[in-house]
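I have placed the structure first, in the form of structure tokens, so that the comments after it can refer back to it.
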Amino acid sequence: MKDFLRVFFSRPIPLVGLVIFAVIVALALLAPLLFGRGPFIIVGMPLLPPGAPGLLAGSDVLGRDMAVGLAYGARISLLVGITSTLCAVGIGVLLGAVAGYYGGWLDDLLMRVTEFFQIIPSFVLLMVLVAFLQPSLSSTVIGIALVTWPQVARVVRGEFLSLRGREFVQAARTLGMRDARIIFTQVLPNALPPIIVVGSMMVGSAILTESALSFLGLGDPNLLSWGSMIGGSRSAMWVAWWTTVLPGLAIMITVLALNFIGDGLNDALNPRRRR
Amino acid sequence: MEPLIAIKDLIVSLPPGADRAHAVDGVSLSILPNEILCIVGESGSGKSLTAHAIMRLLPRGVSASSGEILFEGTDVLRLSPSAMRKLRGAGVAMIFQDPMAALNPVVTIGKQITEQIRAHRAISEKAALEQAAGLLAEMGLKDPKALLKSFPHQLSGGQRQRVMIAMALSLSPKLLIADEPTTALDVTTQAQILKLIKRIQTERQMSVLFITHDFGVVADMADRVAVMRHGRVVEEGGASDVLGDPKHSYTRALIAAVPRGESMLQPVAQDAPLLSVKDLAKNFRRGGFFSGASAVKAVDRVSLTLSRGETLGIVGESGSGKSTLARCVIRLLDPDAGEMLFDGADIAHMGERQLRPLRRRIQMVFQDPFSSLNPRQTVGEIVIAGPRAYGEDMKEARSRAADILRLVGLNPETMHRFPHEFSGGQRQRIGLARALMLKPDILIADEPVSALDVTVQAQVLKLLDDVRQQMNLAMLFITHDMRVAAQVCHRVMVMRHGQVVESGPTREVFAAPSSEYTRSLLAAIPGRGKLASV
């Protein structure tokens, strides 16, 4: 653990990512305390520029406070990003582990299923899924999880394929351990580093995907997210830049911070970089 | 005579935070022209780093901080990088322990040899290829023209090491450094490679610096010997002096640790066998789609019996099917045919569900001390994993683990540590403790000492034998090394190409081998009859 922290913080990039991410999380958590009235309340004239009295980030096309919108949007973006990634990692680990550990026809079958999801343009599939399930927070999460799990499954399968031949796994079999026990207590802990790295990167891409869905009007209509802020303001793009640029920057900075963290994890969890 | 190379007060320092400051601590050695000097020592003695310092190939963070290495009068440590490049290959060449890791897997053998020749000499590709073919022929390799076109993975371990030697000799160096060149090889292949190095040394009249941990090899190779320990030379002298009359107690201990290939053990009285294997067969299918599938008979109708309290050795080279046989017995592999009666039940074709309660009674110690322990679990977790899988109480398992760790010679306080904090020999002890926790009836040891230094080997072999006696185990001992088999086995079974060539009480097989193949295995034992009894 000490090694892990030392390598993780040995370069400035992961530290910067972590600090930015912490600020965004704090903002999201504190939004109801800071701005109790919610993001949909109209506070003044529409399209007031940032710095107008009482409006740190200006107002949008309907005269709502952009700063409040950004803070509440962070809640949705992070919620979708993290829960959909957790779901995708769950599905991917389970299927990848089974395919990699058992091999044979089961592996063939599961990998063909995985490829089926990989060869369909994922965003089109996602739009169809969300539209079919009715746009809502949960349908967005389910949809994103369904189109992103294959990458996790691939990584996990590869790790399991190489680890299952190692002697300590054979030793576990000769000790009479059941397969599920071997998979979860012996092999999985050794396969965790790449899963964690892929997962941290996936949170970022899930946030991007959610924004794209909301931009297209396929997000939950009762919730304000960064993507729907951009979508709702695109008619005012030429007269009030801040209505689209600020949520766009928020997305960019969050995804960048997550990638920085993923980068740091990649180094810190790589045994060759330690010591 | 002027020495070809003279090392004077060499100190190689380790990076701060290592277990000691100097890996090599004031070593002075010299090698005369046309002489083989063997440096002997255990891992961590500094013998490899001394050799690497000559080539200036020390790992990052490790440096030769003082002293000099004079090669024909010039100090290697002060050469410019370009002068050093000229020296490497042309003046001094090196071969390594693992030829697979030292060869580029995606480049043909021919290309790899000619590349080196042409980096130093301005000759055409064609001329270089001809020279390479000549070298391969000199190494005793058949059909060198075809070999030049093949890739490293298509060659056997012995062929690869010959190719490495050919590459090393391509520029006719004056000194060849051989860093444990036969440690990864079978005993018979080792004997051939040793003979080859010796022959070439005589023919080309060059000097050889030979690094090894095995005094048996020293007896076959050395003109002079230097024994190293903790970075210092503890004894140096002519081969016959050091081998015949070792002065230093450490040298004596090293020589005593070499197994002599003479069996001391009497066969155990055979009562009803615990395990009896009859006509066991296992095939592996190769290729398929385009080439047409072919089956390799890895184990071909092998029968054996094993009784309580006895050790049966299964000896053979790699590819003989001995490991496959062991993995069938412990049912990591499913045999294709035959039966295995264990305590009255045929376990050869039993389903996993029925087999599970029997699994704990047959346990295994694996070959590789590094991959056989889960790197993410502590020693305690590793050792109690077996009993826990059978639902044993955590507290009880822990207290038993402490006893078993003590039995295998480890401090139970180390239970919270991770495997990478232990040496190879200690890791094998942990693996043995893991197997013993289930109170097995049969212990299968698959080359348990082949990755260890000779002295550590002797300790682990003794431990295995003690444990067998104490727990009245039946042991199946897999090895490629006749010397090791002689030390712990009551009976031996020699395997080749999946079949049993010869079997019988160890003493009889060693005294009067009935097959040509067994005789060749015995003849390959390094240093046989040349070591003093100390």
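Ordering of the structure tokens sets the chain letters (A, B, ...), residue numbers begin anew at 1 in every chain, and ligands are numbered from 1 in the order given.
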
Please identify all polymer residues within 9 Å of Leu110 of chain A, counting only C-alpha atoms, omitting same-chain residues fewer than 4 positions from it, and present them as an NGL selection string.
-> :A and (95-96 or 98-99 or 105-106 or 114-115)

Those residues you just picked out, can you put them in a file as an mmCIF file, in the first residue's frame with C-alpha atoms?
```cif
data_model
loop_
_atom_site.group_PDB
_atom_site.id
_atom_site.type_symbol
_atom_site.label_atom_id
_atom_site.label_comp_id
_atom_site.auth_asym_id
_atom_site.auth_seq_id
_atom_site.Cartn_x
_atom_site.Cartn_y
_atom_site.Cartn_z
ATOM 1 C CA LEU A 95 -18.467 -13.189 -18.100
ATOM 2 C CA GLY A 96 -14.757 -12.585 -18.717
ATOM 3 C CA VAL A 98 -15.991 -17.580 -16.661
ATOM 4 C CA ALA A 99 -14.790 -17.469 -20.281
ATOM 5 C CA TRP A 105 -16.722 -24.030 -25.918
ATOM 6 C CA LEU A 106 -17.941 -21.799 -23.083
ATOM 7 C CA THR A 114 -19.142 -10.196 -26.577
ATOM 8 C CA GLU A 115 -18.201 -9.598 -30.197
#
```

List every residue of chain B that has an atom at most 8 Å from any atom of chain A, and for each one report the closest atom pair and its distance in Å to one decimal, counting only C-alpha atoms, with rows sorted by chain and then by increasing residue number, as a tab-separated table.
```
residue	atom	partner	partner_atom	distance
B:Ile330	CA	A:Thr174	CA	7.0
B:Arg331	CA	A:Thr174	CA	7.9
B:Leu332	CA	A:Gln170	CA	7.1
B:Arg356	CA	A:Gly176	CA	5.7
B:Pro357	CA	A:Gly176	CA	7.6
B:Arg359	CA	A:Gly176	CA	5.5
B:Arg360	CA	A:Leu175	CA	5.8
B:Ile362	CA	A:Thr174	CA	7.7
B:Gln363	CA	A:Thr174	CA	6.4
B:Met364	CA	A:Ala171	CA	7.3
B:Phe366	CA	A:Glu167	CA	7.0
B:Asp368	CA	A:Glu167	CA	7.6
B:Ser371	CA	A:Glu167	CA	5.6
B:Ser372	CA	A:Phe168	CA	4.1
B:Leu373	CA	A:Phe168	CA	5.0
B:Asn374	CA	A:Phe168	CA	5.6
B:Pro375	CA	A:Asn190	CA	7.8
B:Arg376	CA	A:Asn190	CA	6.7
B:Ala385	CA	A:Leu175	CA	8.0
B:Gly386	CA	A:Leu175	CA	5.1
B:Ala389	CA	A:Met177	CA	5.4
B:Tyr390	CA	A:Gly176	CA	7.7
B:Ala435	CA	A:Leu175	CA	7.6
B:Leu438	CA	A:Leu175	CA	7.8
```

Give me the residues within 7 Å of Gly81 of chain A as a ChimeraX atom specification, counting only C-alpha atoms and dropping any in the same chain fewer than 4 places off.
-> /A:77,85,203-204,206-207

Going by DSSP on the backbone, which residues of segment 5-234 of chain A come out as strand (DSSP E or B)? List them as a short mmCIF file (atom, residue, chain, number, x, y, z; two decimals) with N, CA and C atoms, in the first residue's frame.
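File produced: selection_17.cif:
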```cif
data_model
loop_
_atom_site.label_atom_id
_atom_site.label_comp_id
_atom_site.auth_asym_id
_atom_site.auth_seq_id
_atom_site.Cartn_x
_atom_site.Cartn_y
_atom_site.Cartn_z
N ILE A 42 -36.27 29.97 -12.00
CA ILE A 42 -35.86 31.12 -12.80
C ILE A 42 -35.46 32.25 -11.86
N ALA A 52 -22.69 38.90 -13.93
CA ALA A 52 -23.84 39.76 -13.65
C ALA A 52 -24.19 39.62 -12.17
N LEU A 55 -24.99 36.36 -10.27
CA LEU A 55 -24.89 35.23 -11.20
C LEU A 55 -23.44 34.99 -11.59
N SER A 59 -26.77 33.46 -16.78
CA SER A 59 -28.04 32.72 -16.80
C SER A 59 -28.25 32.13 -18.18
N ARG A 64 -32.35 30.80 -15.90
CA ARG A 64 -31.96 30.01 -14.73
C ARG A 64 -30.47 30.20 -14.44
N ASP A 65 -30.11 30.06 -13.17
CA ASP A 65 -28.72 30.29 -12.76
C ASP A 65 -27.83 29.17 -13.30
#
```

Just asking: which residues within segment 87-269 of chain A are alpha helix (DSSP H) according to DSSP, as JSON, numbers by chain?
-> {"A": [87, 88, 89, 90, 91, 92, 93, 94, 95, 96, 97, 98, 99, 100, 101, 102, 104, 105, 106, 107, 108, 109, 110, 111, 112, 113, 114, 115, 116, 117, 118, 119, 122, 123, 124, 125, 126, 127, 128, 129, 130, 131, 132, 133, 137, 138, 139, 140, 141, 142, 143, 144, 145, 146, 147, 148, 149, 150, 151, 152, 153, 154, 155, 156, 157, 158, 159, 160, 161, 162, 163, 167, 168, 169, 170, 171, 172, 173, 174, 179, 180, 181, 188, 189, 190, 191, 192, 193, 194, 195, 196, 197, 198, 199, 200, 201, 202, 203, 204, 205, 206, 207, 208, 209, 210, 211, 212, 213, 214, 215, 226, 227, 228, 229, 230, 231, 232, 233, 242, 243, 244, 245, 246, 247, 248, 249, 250, 251, 252, 253, 254, 255, 256, 257, 258, 259, 260, 261, 262, 263, 264, 265, 266, 267, 268, 269]}

Hey, what's within 7 Å of segment 338-351 of chain B if we count only C-alpha atoms and toss same-chain stuff fewer than 2 positions away? As a VMD selection string, please?
-> chain B and resid 274 to 281 335 353 to 355

The selected residues should be written to file as a compact mmCIF listing (two decimals), in the first residue's frame (atoms: N, CA and C atoms).
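That gives us selection_26.txt:
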```
# COMPACT_ATOMS: atom_id res chain seq x y z
N LEU B 274 -0.87 -48.34 -1.74
CA LEU B 274 -1.86 -47.30 -1.49
C LEU B 274 -2.45 -46.83 -2.82
N LEU B 275 -1.55 -46.76 -3.80
CA LEU B 275 -1.98 -46.32 -5.12
C LEU B 275 -1.46 -47.33 -6.13
N SER B 276 -2.34 -47.79 -7.01
CA SER B 276 -1.80 -48.61 -8.07
C SER B 276 -2.38 -48.16 -9.40
N VAL B 277 -1.46 -47.79 -10.28
CA VAL B 277 -1.82 -47.23 -11.58
C VAL B 277 -1.59 -48.31 -12.62
N LYS B 278 -2.58 -48.50 -13.49
CA LYS B 278 -2.45 -49.56 -14.48
C LYS B 278 -2.73 -49.01 -15.87
N ASP B 279 -1.78 -49.17 -16.78
CA ASP B 279 -1.95 -48.83 -18.20
C ASP B 279 -2.50 -47.42 -18.41
N LEU B 280 -1.99 -46.48 -17.65
CA LEU B 280 -2.47 -45.11 -17.78
C LEU B 280 -1.98 -44.51 -19.10
N ALA B 281 -2.89 -43.80 -19.79
CA ALA B 281 -2.51 -43.18 -21.06
C ALA B 281 -3.09 -41.78 -21.14
N PRO B 335 -6.93 -38.44 -17.43
CA PRO B 335 -6.32 -39.47 -18.27
C PRO B 335 -7.30 -39.97 -19.34
N ARG B 353 -17.10 -34.00 -8.52
CA ARG B 353 -17.88 -33.99 -7.28
C ARG B 353 -17.47 -35.15 -6.35
N GLN B 354 -17.35 -36.34 -6.96
CA GLN B 354 -16.93 -37.50 -6.17
C GLN B 354 -15.49 -37.38 -5.73
N LEU B 355 -14.69 -36.74 -6.60
CA LEU B 355 -13.26 -36.67 -6.37
C LEU B 355 -12.91 -35.74 -5.22
```

Selected residue of minimal separation from Val245 of chain A among A:Ile183, A:Val7, A:Ile13, A:Met66, counting only C-alpha atoms |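 Residue with the minimum atom-to-atom distance to Val245 of chain A: A:Met66.
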
Determine, counting only C-alpha atoms, which protein, DNA and RNA residues have an atom within 7 Å of an atom of segment 145-158 of chain A; residues of the same chain fewer than 5 positions away are not included. Present the result as a list in words.
-> Ser84, Thr85, Cys87, Ala88, Val89, Ile91, Gly92, Val93, Leu95, Gly96, Ala97, Ala99, Gly100, Thr114, Phe117, Gln118, Ser122, Leu126, Ala191 and Ile195 of chain A

With C-alpha atoms retained, write the just-selected residues as a compact mmCIF listing (two decimals), in the first residue's frame.
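Written output follows (result21.txt):
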```
# COMPACT_ATOMS: atom_id res chain seq x y z
CA SER A 84 -22.98 2.50 -15.17
CA THR A 85 -19.27 1.67 -14.87
CA CYS A 87 -22.62 -2.35 -13.66
CA ALA A 88 -20.43 -2.79 -16.74
CA VAL A 89 -17.47 -3.97 -14.62
CA ILE A 91 -21.06 -7.96 -16.02
CA GLY A 92 -17.65 -7.87 -17.69
CA VAL A 93 -15.80 -9.46 -14.77
CA LEU A 95 -18.47 -13.19 -18.10
CA GLY A 96 -14.76 -12.58 -18.72
CA ALA A 97 -13.79 -14.65 -15.67
CA ALA A 99 -14.79 -17.47 -20.28
CA GLY A 100 -11.12 -17.18 -19.36
CA THR A 114 -19.14 -10.20 -26.58
CA PHE A 117 -21.98 -6.20 -28.78
CA GLN A 118 -18.68 -4.89 -30.07
CA SER A 122 -22.43 1.20 -29.80
CA LEU A 126 -27.51 2.81 -26.96
CA ALA A 191 -6.41 -9.62 -12.22
CA ILE A 195 -9.69 -3.90 -14.20
```

Please provide the set of residues having any atom within 12 Å of Phe71 of chain B, restricted to only C-alpha atoms, with same-chain residues fewer than 4 positions apart removed, written as a ChimeraX atom specification.
-> /B:2-8,29-33,54-55,75-79,84,87-88,91-92,174-175,207

If you count only C-alpha atoms, which residues fall within 12 Å of Gly140 of chain B, apart from same-chain ones fewer than 2 positions away, as a list of chain:residue names?
-> B:Ala133, B:Gly134, B:Leu135, B:Leu136, B:Ala137, B:Glu138, B:Lys142, B:Asp143, B:Pro144, B:Gly158, B:Gln159, B:Gln161, B:Arg162, B:Val163, B:Ile165, B:Ala166, B:Gln192, B:Ile193, B:Lys195, B:Leu196, B:Ile197, B:Arg199, B:Ile200

Keeping C-alpha atoms, export the residues of the selection given above as a CSV table (one decimal), in the first residue's frame.
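Result went into result-v3.csv, see below:
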```csv
chain,number,residue,atom,x,y,z
B,133,ALA,CA,26.4,-22.1,-41.1
B,134,GLY,CA,30.1,-23.1,-40.5
B,135,LEU,CA,29.7,-22.1,-36.8
B,136,LEU,CA,26.5,-24.0,-36.3
B,137,ALA,CA,28.2,-27.1,-37.8
B,138,GLU,CA,31.1,-26.6,-35.4
B,142,LYS,CA,22.9,-31.1,-37.8
B,143,ASP,CA,21.6,-29.5,-41.1
B,144,PRO,CA,22.9,-25.9,-40.3
B,158,GLY,CA,19.9,-27.6,-26.0
B,159,GLN,CA,19.9,-26.5,-29.7
B,161,GLN,CA,22.1,-22.9,-26.2
B,162,ARG,CA,24.3,-24.2,-29.0
B,163,VAL,CA,23.1,-21.4,-31.2
B,165,ILE,CA,27.4,-20.3,-28.2
B,166,ALA,CA,27.8,-20.1,-32.0
B,192,GLN,CA,26.6,-32.4,-24.0
B,193,ILE,CA,26.8,-28.6,-23.7
B,195,LYS,CA,31.5,-31.2,-23.4
B,196,LEU,CA,31.0,-28.7,-26.3
B,197,ILE,CA,32.3,-25.7,-24.4
B,199,ARG,CA,36.0,-28.9,-26.8
B,200,ILE,CA,35.8,-25.5,-28.3
```

From A:Pro12, A:Gly73, A:Pro46, A:Gly199, residue lying nearest Ser225 of chain A [only C-alpha atoms] = A:Gly73
